[in-house]
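A.B. asks: I have a structure here, written as structure tokens, and I will follow up with some questions on it.
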Amino acid sequence: MKSTLTEYLRPARAEDVPALMALRTEAEEWLSSKGTDQWSDPETGAKAITKWRASIDEGRAWVVVDDSGEVLGTVSRGPVDRDFWTDEDHPESAFHLYKLIVARQAAGRHLGARLVDWASRLAAMEGRDWVRIDTWRTNEGLHSYYERLGFRHVRTESPSHRLSGWLAQRPTTALSLPDFPLTVGPPREGRSAPIPSQHTPAD
């Protein structure tokens, strides 16, 4: 029998904060096991909770959930980070993507690529040209991952008070999995997303 995937995207809610914190903690531990120092400054306690709540209250955080309601991933849209992007970059021309995290249990569902594609589609609808990211300067594995998704390195900024600064962007017209979009809201009955072929990029 052919299986179907039932995950979908929705705005994050205040009650999602514990699940978001758990995703972040899991990502910290996984990154450490891979030998990278990204997120080696754990976001814990009231400060981290306040930051998540602010993103949710401002409508900037989204989650991927399955049909049981379990949170499988998250992405946020951020304001322009002026440590990195200048007026010469025309920051209004881009969707600034932040906090892309996928649960390890959801590996193989291509959620990272599909979340970036969702951001690209939304940015295009808004008339923007780019999806932009900044990642930790030392995480070469993550740089390669985003390059496989079609991002191109713009430059690296190294402010003394920041560990991030590898800047990249992808045109909103570029999609990694155009035939495998995330549904926004629960899939309607009889309309489930197709399983991607084995040749699509894994994440």
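Chain labels follow the order of the structure tokens: the first chain is A, the next B, and so on; residue numbering restarts at 1 in every chain, and ligands are counted from 1 in their shown order.
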What are the DSSP strand (DSSP E) residues of range 91-120 of chain A, as a PyMOL selection string?
C.D. replies: chain A and resi 94-102
A.B. asks: Would you list the contacts of range 104-106 of chain A as a PyMOL selection string, taking every protein, DNA or RNA residue within 8 Å and counting only C-alpha atoms, but skipping same-chain residues closer than 4 positions in sequence?
C.D. replies: chain A and resi 26+72+111
A.B. asks: Each residue of range 112-190 of chain A with at least one atom at most 8 Å from range 80-92 of chain A should appear once, together with its nearest atom pair and the corresponding distance in Å (one decimal); atoms considered: only C-alpha atoms; ordering: chain, then increasing residue number; output as CSV.
C.D. replies:
```
residue,atom,partner,partner_atom,distance
A:Arg128,CA,A:Glu92,CA,7.5
A:Glu157,CA,A:Phe84,CA,6.3
A:Pro159,CA,A:Asp83,CA,7.2
A:Gly165,CA,A:Phe84,CA,6.7
A:Leu167,CA,A:Phe84,CA,7.7
```
A.B. asks: Among the residues of range 3-198 of chain A, find those DSSP assigns to helix (DSSP H, G or I) from the backbone and print them as a VMD selection string.
C.D. replies: chain A and resid 14 to 33 45 to 57 87 to 89 91 to 93 104 to 106 111 to 125 140 to 148
A.B. asks: What's around Ala168 in chain A at 10 Å? Count only C-alpha atoms, leave out sequence neighbours fewer than 5 positions away in its own chain, and write the answer as a PyMOL selection string.
C.D. replies: chain A and resi 130-135+143+146-147+150-156
A.B. asks: Would you mind exporting C-alpha atoms of the selected residues as a CSV table (one decimal), in the first residue's frame?
C.D. replies:
```
chain,number,residue,atom,x,y,z
A,130,TRP,CA,15.4,36.7,-2.3
A,131,VAL,CA,15.3,34.3,0.7
A,132,ARG,CA,18.3,35.2,2.9
A,133,ILE,CA,20.0,33.5,5.7
A,134,ASP,CA,22.9,33.9,8.1
A,135,THR,CA,24.6,30.9,9.7
A,143,HIS,CA,27.0,26.0,4.5
A,146,TYR,CA,22.2,25.4,2.0
A,147,GLU,CA,24.4,25.5,-1.2
A,150,GLY,CA,20.5,26.6,-4.3
A,151,PHE,CA,21.8,29.3,-1.9
A,152,ARG,CA,24.9,31.3,-3.0
A,153,HIS,CA,27.3,32.8,-0.6
A,154,VAL,CA,27.2,36.6,-0.5
A,155,ARG,CA,30.0,37.3,1.9
A,156,THR,CA,31.1,36.6,5.5
```
A.B. asks: At a cut-off of 7 Å, using only C-alpha atoms, what residues contact Glu7 in chain A? Leave out same-chain residues fewer than 6 positions from it and give the result as a ChimeraX atom specification.
C.D. replies: /A:64-67
A.B. asks: Keeping N, CA, C and O atoms for every residue in the selection just given, could you write it to a file as a PDB file, in the first residue's frame?
C.D. replies:
```pdb
ATOM      1  N   VAL A  64       5.784  22.934  11.784  1.00  0.00           N
ATOM      2  CA  VAL A  64       5.273  21.798  11.023  1.00  0.00           C
ATOM      3  C   VAL A  64       4.795  20.769  12.036  1.00  0.00           C
ATOM      4  O   VAL A  64       5.527  20.421  12.973  1.00  0.00           O
ATOM      5  N   VAL A  65       3.574  20.311  11.871  1.00  0.00           N
ATOM      6  CA  VAL A  65       3.014  19.308  12.778  1.00  0.00           C
ATOM      7  C   VAL A  65       2.487  18.138  11.955  1.00  0.00           C
ATOM      8  O   VAL A  65       2.209  18.268  10.759  1.00  0.00           O
ATOM      9  N   ASP A  66       2.376  16.979  12.626  1.00  0.00           N
ATOM     10  CA  ASP A  66       1.747  15.843  11.952  1.00  0.00           C
ATOM     11  C   ASP A  66       0.287  15.775  12.365  1.00  0.00           C
ATOM     12  O   ASP A  66      -0.220  16.639  13.093  1.00  0.00           O
ATOM     13  N   ASP A  67      -0.418  14.740  11.890  1.00  0.00           N
ATOM     14  CA  ASP A  67      -1.852  14.701  12.139  1.00  0.00           C
ATOM     15  C   ASP A  67      -2.194  14.438  13.596  1.00  0.00           C
ATOM     16  O   ASP A  67      -3.343  14.596  14.005  1.00  0.00           O
TER      17      ASP A  67
END
```
A.B. asks: Expressed in Å to a single decimal, how great is the separation between CA of Ala48 in chain A and CA of Met21 in chain A?
C.D. replies: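 Distance reported for this atom pair: 7.9 Å.
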A.B. asks: I want to know what sits within 9 Å of Ser55 in chain A, based on only C-alpha atoms, with residues of the same chain fewer than 5 positions away left out; could you give that as a list of chain:residue names?
C.D. replies: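 Neighbouring residues, sequence-local ones excluded: A:Ala12, A:Thr50, A:Arg60, A:Ala61, A:Ser76, A:Arg77, A:Gly78.
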A.B. asks: Output the selection as a compact mmCIF listing (two decimals), in the first residue's frame - N, CA, C and O atoms for each residue.
C.D. replies:
```txt
# COMPACT_ATOMS: atom_id res chain seq x y z
N ALA A 12 2.85 29.20 14.68
CA ALA A 12 3.15 28.71 16.03
C ALA A 12 2.23 29.40 17.04
O ALA A 12 1.79 30.53 16.84
N THR A 50 11.04 33.82 26.39
CA THR A 50 10.57 35.15 26.01
C THR A 50 10.79 35.42 24.54
O THR A 50 9.93 35.98 23.85
N ARG A 60 5.68 35.67 13.54
CA ARG A 60 6.87 35.38 12.74
C ARG A 60 7.33 33.93 12.84
O ARG A 60 8.30 33.55 12.18
N ALA A 61 6.69 33.13 13.67
CA ALA A 61 7.12 31.73 13.87
C ALA A 61 6.06 30.77 13.36
O ALA A 61 4.86 30.96 13.60
N SER A 76 11.25 30.54 11.39
CA SER A 76 10.81 31.89 11.72
C SER A 76 11.25 32.86 10.64
O SER A 76 12.22 32.61 9.93
N ARG A 77 10.52 33.94 10.56
CA ARG A 77 10.90 35.03 9.69
C ARG A 77 11.41 36.13 10.59
O ARG A 77 10.76 36.48 11.58
N GLY A 78 12.57 36.64 10.29
CA GLY A 78 13.18 37.62 11.17
C GLY A 78 13.18 39.01 10.60
O GLY A 78 12.99 39.21 9.40
```
A.B. asks: Using only C-alpha atoms, which of the listed residues (A:Val63, A:Leu175, A:Leu163, A:Ile101) sits closest to Trp118 in chain A?
C.D. replies: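 That would be A:Leu175, the residue with the smallest distance to Trp118 in chain A.
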A.B. asks: Using only C-alpha atoms, find the one residue out of A:Arg137, A:His161, A:Ser120, A:Ser144 that sits nearest to Ala174 in chain A.
C.D. replies: A:Ser120
